[in-house]
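**Student:** Supplied in structure tokens, the structure appears directly below.
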Amino acid sequence: MDQLLLLEAVERYLRGEMNDEEKRVFEDMRKNNPELDQMVVEHNFFLEEMDRYGEIKRFKANLYDTHHTLQENGDIKEVNAKGSGKIAYLWNRYRKVVAVAASIAGITALLISGITVAFSPKAPIRDIEELRRKVTSLEKKTNTQSLQINDVRKKIEPGTPIKFGGTSFLVDNRGYLVTSAHVILDATRIFVQNNNGQDFKADIIYTDLEKDLAILRIVDEDFKSPGSLPYSIGRSSTELAEPVFTLGYPKDEIVYGEGYLSAKTGMKGDTMAYQISISANPGNSGGPVLNKNGEVIGILNARQTTAEGVVFAVKSKNIHRVVDEMKKKDSSQHIKLSSSSNLKGMDRVQQVKKIEDCVYMVKVVLK
Amino acid sequence: MSTLEKEKELLKGLANNDKEAIEAIYRDNYNLIQNLIINNNGTEDDARDVFQEALIVLYEKSKTDSFELNCQIRTYVYSVCRRIWLKKLQYAKRFESQVEFLEDTVPVEEDLEVHDKLNHQYGIMRSAMGKIGEPCKSLLEAFYVHHKNMIEIASFFGYTNADNAKNQKYKCLMRLKKLFFAQYKNGN
């Protein structure tokens, strides 16, 4: 009950509802009582956040009402696109309906063919086997095709065979890794391989395609935690021309590359990414980009095929965001991102020696 | 009144969350943005979302002490919408045909970074609010968002007197603060 009165007093004080006498007494108390002082500061911050929350909420409600009013008055134009724009518009709008219709059609077709197969005379076993092989080879073909489509889309992985690979790195010494989401797209099973060639089984625990980030967790009893991680996961933005380096698995062993930050935005001004001038190859996707102090500033995710040495990296603050989002959705995983680097001031060879144990190759078994 | 003065008035109104100002800005700019979005692979819903987000960006900006807009509202809103939409398009499908731009634009990168940060904090509060459950959420919102006094709140929620409502509000507030700071410290 005392606490209630106290908090009420703090609130009245912060909202300027006290008279002069009360205010003087309260301020005296504040001076002599650091706990109260802390409470005032904390509550002030909280109330500011709360006010902003309220403001935005009221503003949003106003926007919503305005939209409705204007729509009813006819001030907002009806959509009337022309030509290909219209087709695209209709497609976007009815995409879901089309998908549902198509799947119903698909199910019906399957049912009918199922019934036909059930009632038609059995073919000799050899024929059936042959047919199955054809189906498998067909499947392989479509697999490679879809892979190639992926290649074109993601750019960094031209012409890789069925087993898709990339790089990942530890962000929490208990076996949590970060990689690019496109590396593990369509995976059924995942293994990660360390610098000594040892394989570990890993699970995907979160993917965010929009940010092109995924979080994996090593679930293998052979895995031994490397102790505290040598690097930190950066949160602030990096300056132009800052020298950076990366480690990754464009081939079967770890490869070092260095370059510099060439632009603060990624492809077509994408603010979630940096542009980096570095030599990167398929397989580098998901690898960490570090600055000279041993801070991870980004995750390599794509390169521009039309230009030499233009590579993009997702900014590392997105890792923090993804972890936050994940916490919201699934409170059972408690990732604690590495927050301090002990690589400052070391020469590069020593730095890399420490980092390389935390960088893993990702091996993906496709569907 | 000159255009410049009129725009200043509108922005002042916007900063105060004034309905008329919002409506005027909405009416002057919405159709332009809707065309932009729909001609570039979007729907009416996308247009509404993008436009409203841009107005929130402008609203946040207009409330800062150092606020100054060096271009017309229309140009600013158009630039922000274009930026937001481009970003969304890029993540949905990486290789879109070039987006059509007809209007002038101004750089808005920094404003959007500020907005992302604020939006993140708003998200923390919203998620904490979502977690405390009812009637706590409505009770706290009545007090802190809608600025109702404790007597109104007591009668609305059916408490026998304002003190009981106050007691309940205190419990709710402690829970909310705990959730909020736990998430805030984790995320920052």
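We label chains A, B, ... in the order they appear in the structure tokens, count residues from 1 in each chain, and number ligands from 1 in the order shown.
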Within 7 Å of chain A, which residues belong to chain B? Use only C-alpha atoms and report them as a ChimeraX atom specification.
**Tutor:** /B:17,19,23,27,31,38-39,41-43,52,87,91,94,122,125,144-145,170,187
**Student:** For the residues in that selection, give me C-alpha atoms as a PDB file, in the first residue's frame.
**Tutor:**
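The result, written out as out_14.pdb:
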```pdb
ATOM      1  CA  ASN B  17      -3.336  15.221 -33.934  1.00  0.00           C
ATOM      2  CA  LYS B  19      -8.684  15.853 -37.258  1.00  0.00           C
ATOM      3  CA  GLU B  23      -8.213  15.085 -43.277  1.00  0.00           C
ATOM      4  CA  ARG B  27      -7.418  14.388 -49.147  1.00  0.00           C
ATOM      5  CA  ASN B  31      -4.903   9.518 -54.540  1.00  0.00           C
ATOM      6  CA  ILE B  38      -1.234   0.357 -57.637  1.00  0.00           C
ATOM      7  CA  ASN B  39       0.781   1.078 -60.759  1.00  0.00           C
ATOM      8  CA  ASN B  41       2.230  -4.042 -58.160  1.00  0.00           C
ATOM      9  CA  GLY B  42       0.321  -3.057 -55.046  1.00  0.00           C
ATOM     10  CA  THR B  43      -3.289  -3.196 -53.921  1.00  0.00           C
ATOM     11  CA  GLN B  52      -0.661   5.800 -43.183  1.00  0.00           C
ATOM     12  CA  LYS B  87      11.697  -1.645 -49.536  1.00  0.00           C
ATOM     13  CA  TYR B  91      11.824  -8.104 -49.968  1.00  0.00           C
ATOM     14  CA  ARG B  94      13.998  -9.267 -55.426  1.00  0.00           C
ATOM     15  CA  TYR B 122       6.074   1.332 -29.823  1.00  0.00           C
ATOM     16  CA  MET B 125       4.908  -1.225 -25.400  1.00  0.00           C
ATOM     17  CA  TYR B 144      -2.920   6.809 -19.833  1.00  0.00           C
ATOM     18  CA  VAL B 145      -4.160   6.899 -23.422  1.00  0.00           C
ATOM     19  CA  TYR B 170      -1.516   0.146  -9.500  1.00  0.00           C
ATOM     20  CA  GLY B 187      16.354  -5.676 -26.742  1.00  0.00           C
TER      21      GLY B 187
END
```
**Student:** What lies within 12 Å of Ala154 of chain B using only C-alpha atoms, ignoring chain neighbours under 3 positions off, as a VMD selection string?
**Tutor:** chain B and resid 139 142 to 143 148 to 151 157 to 169
**Student:** Just C-alpha atoms for this one: save the residues we selected as an mmCIF file, in the first residue's frame.
**Tutor:**
```cif
data_model
loop_
_atom_site.group_PDB
_atom_site.id
_atom_site.type_symbol
_atom_site.label_atom_id
_atom_site.label_comp_id
_atom_site.auth_asym_id
_atom_site.auth_seq_id
_atom_site.Cartn_x
_atom_site.Cartn_y
_atom_site.Cartn_z
ATOM 1 C CA LEU B 139 -7.972 0.065 -17.493
ATOM 2 C CA ALA B 142 -8.408 4.476 -20.208
ATOM 3 C CA PHE B 143 -6.080 6.286 -17.814
ATOM 4 C CA LYS B 148 -9.948 9.523 -18.106
ATOM 5 C CA ASN B 149 -9.923 10.281 -14.373
ATOM 6 C CA MET B 150 -10.201 7.591 -11.724
ATOM 7 C CA ILE B 151 -13.864 8.353 -10.897
ATOM 8 C CA PHE B 157 -15.425 -0.662 -15.065
ATOM 9 C CA GLY B 158 -17.910 -1.160 -12.226
ATOM 10 C CA TYR B 159 -15.664 -0.622 -9.211
ATOM 11 C CA THR B 160 -17.494 0.495 -6.097
ATOM 12 C CA ASN B 161 -15.185 3.469 -5.578
ATOM 13 C CA ALA B 162 -12.231 5.265 -7.087
ATOM 14 C CA ASP B 163 -9.806 3.900 -4.481
ATOM 15 C CA ASN B 164 -10.473 0.315 -5.457
ATOM 16 C CA ALA B 165 -9.990 1.209 -9.101
ATOM 17 C CA LYS B 166 -6.769 2.976 -8.174
ATOM 18 C CA ASN B 167 -5.544 -0.091 -6.346
ATOM 19 C CA GLN B 168 -6.280 -2.260 -9.349
ATOM 20 C CA LYS B 169 -4.622 0.240 -11.659
#
```
**Student:** To one decimal place, how far is atom CA of Val311 of chain A from atom CA of Val364 of chain A in Å?
**Tutor:**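 Computed distance, atom CA of Val311 of chain A to atom CA of Val364 of chain A, equals 22.9 Å.
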**Student:** Can you tell me, as a list in words, what residues are no more than 9 Å from Trp85 of chain B when counting only C-alpha atoms, ignoring any on the same chain fewer than 6 positions away?
**Tutor:**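 Contacts, with the query itself left out: Ile37, Asn40, Gly42, Asp46, Ala47 and Val50 of chain B.
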**Student:** Return as a ChimeraX atom specification the full set of residues in segment 233-360 of chain A whose backbone-based DSSP assignment is strand (DSSP E).
**Tutor:** /A:233,243-248,255-263,273-277,288-291,295-303,310-315,359-360
**Student:** Can you write just those residues out, C-alpha atoms, as an mmCIF file, in the first residue's frame?
**Tutor:**
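The file below, selection-v2.cif, is the result:
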```cif
data_model
loop_
_atom_site.group_PDB
_atom_site.id
_atom_site.type_symbol
_atom_site.label_atom_id
_atom_site.label_comp_id
_atom_site.auth_asym_id
_atom_site.auth_seq_id
_atom_site.Cartn_x
_atom_site.Cartn_y
_atom_site.Cartn_z
ATOM 1 C CA ILE A 233 27.269 -8.580 -32.564
ATOM 2 C CA PRO A 243 37.987 -1.860 -43.605
ATOM 3 C CA VAL A 244 36.138 -5.134 -43.093
ATOM 4 C CA PHE A 245 36.898 -8.826 -43.381
ATOM 5 C CA THR A 246 34.961 -12.049 -43.635
ATOM 6 C CA LEU A 247 35.382 -15.771 -43.173
ATOM 7 C CA GLY A 248 33.350 -18.291 -45.092
ATOM 8 C CA VAL A 255 38.529 -18.897 -46.635
ATOM 9 C CA TYR A 256 39.465 -15.383 -45.506
ATOM 10 C CA GLY A 257 38.604 -12.265 -47.488
ATOM 11 C CA GLU A 258 39.021 -8.577 -46.872
ATOM 12 C CA GLY A 259 37.599 -5.389 -48.297
ATOM 13 C CA TYR A 260 35.920 -2.170 -47.292
ATOM 14 C CA LEU A 261 32.462 -0.745 -46.758
ATOM 15 C CA SER A 262 31.598 0.934 -50.045
ATOM 16 C CA ALA A 263 28.051 2.167 -49.369
ATOM 17 C CA ALA A 273 21.947 -3.738 -45.947
ATOM 18 C CA TYR A 274 25.441 -2.443 -46.656
ATOM 19 C CA GLN A 275 27.345 -2.562 -49.884
ATOM 20 C CA ILE A 276 30.792 -3.993 -49.484
ATOM 21 C CA SER A 277 33.667 -4.317 -51.832
ATOM 22 C CA PRO A 288 30.003 -12.710 -40.796
ATOM 23 C CA VAL A 289 31.420 -9.351 -41.858
ATOM 24 C CA LEU A 290 33.648 -7.947 -39.121
ATOM 25 C CA ASN A 291 35.370 -4.624 -38.565
ATOM 26 C CA GLU A 295 32.564 -6.458 -34.128
ATOM 27 C CA VAL A 296 30.219 -8.287 -36.477
ATOM 28 C CA ILE A 297 28.671 -5.534 -38.586
ATOM 29 C CA GLY A 298 26.805 -7.614 -41.141
ATOM 30 C CA ILE A 299 25.992 -10.938 -42.739
ATOM 31 C CA LEU A 300 26.930 -11.488 -46.373
ATOM 32 C CA ASN A 301 23.898 -12.306 -48.454
ATOM 33 C CA ALA A 302 24.191 -11.451 -52.128
ATOM 34 C CA ARG A 303 26.480 -10.160 -54.820
ATOM 35 C CA VAL A 310 29.906 -5.588 -55.323
ATOM 36 C CA VAL A 311 28.589 -7.595 -52.413
ATOM 37 C CA PHE A 312 25.721 -6.919 -50.049
ATOM 38 C CA ALA A 313 25.517 -7.659 -46.365
ATOM 39 C CA VAL A 314 22.494 -7.471 -44.089
ATOM 40 C CA LYS A 315 23.199 -5.053 -41.227
ATOM 41 C CA VAL A 359 32.366 -20.067 -38.204
ATOM 42 C CA TYR A 360 30.618 -23.127 -39.594
#
```
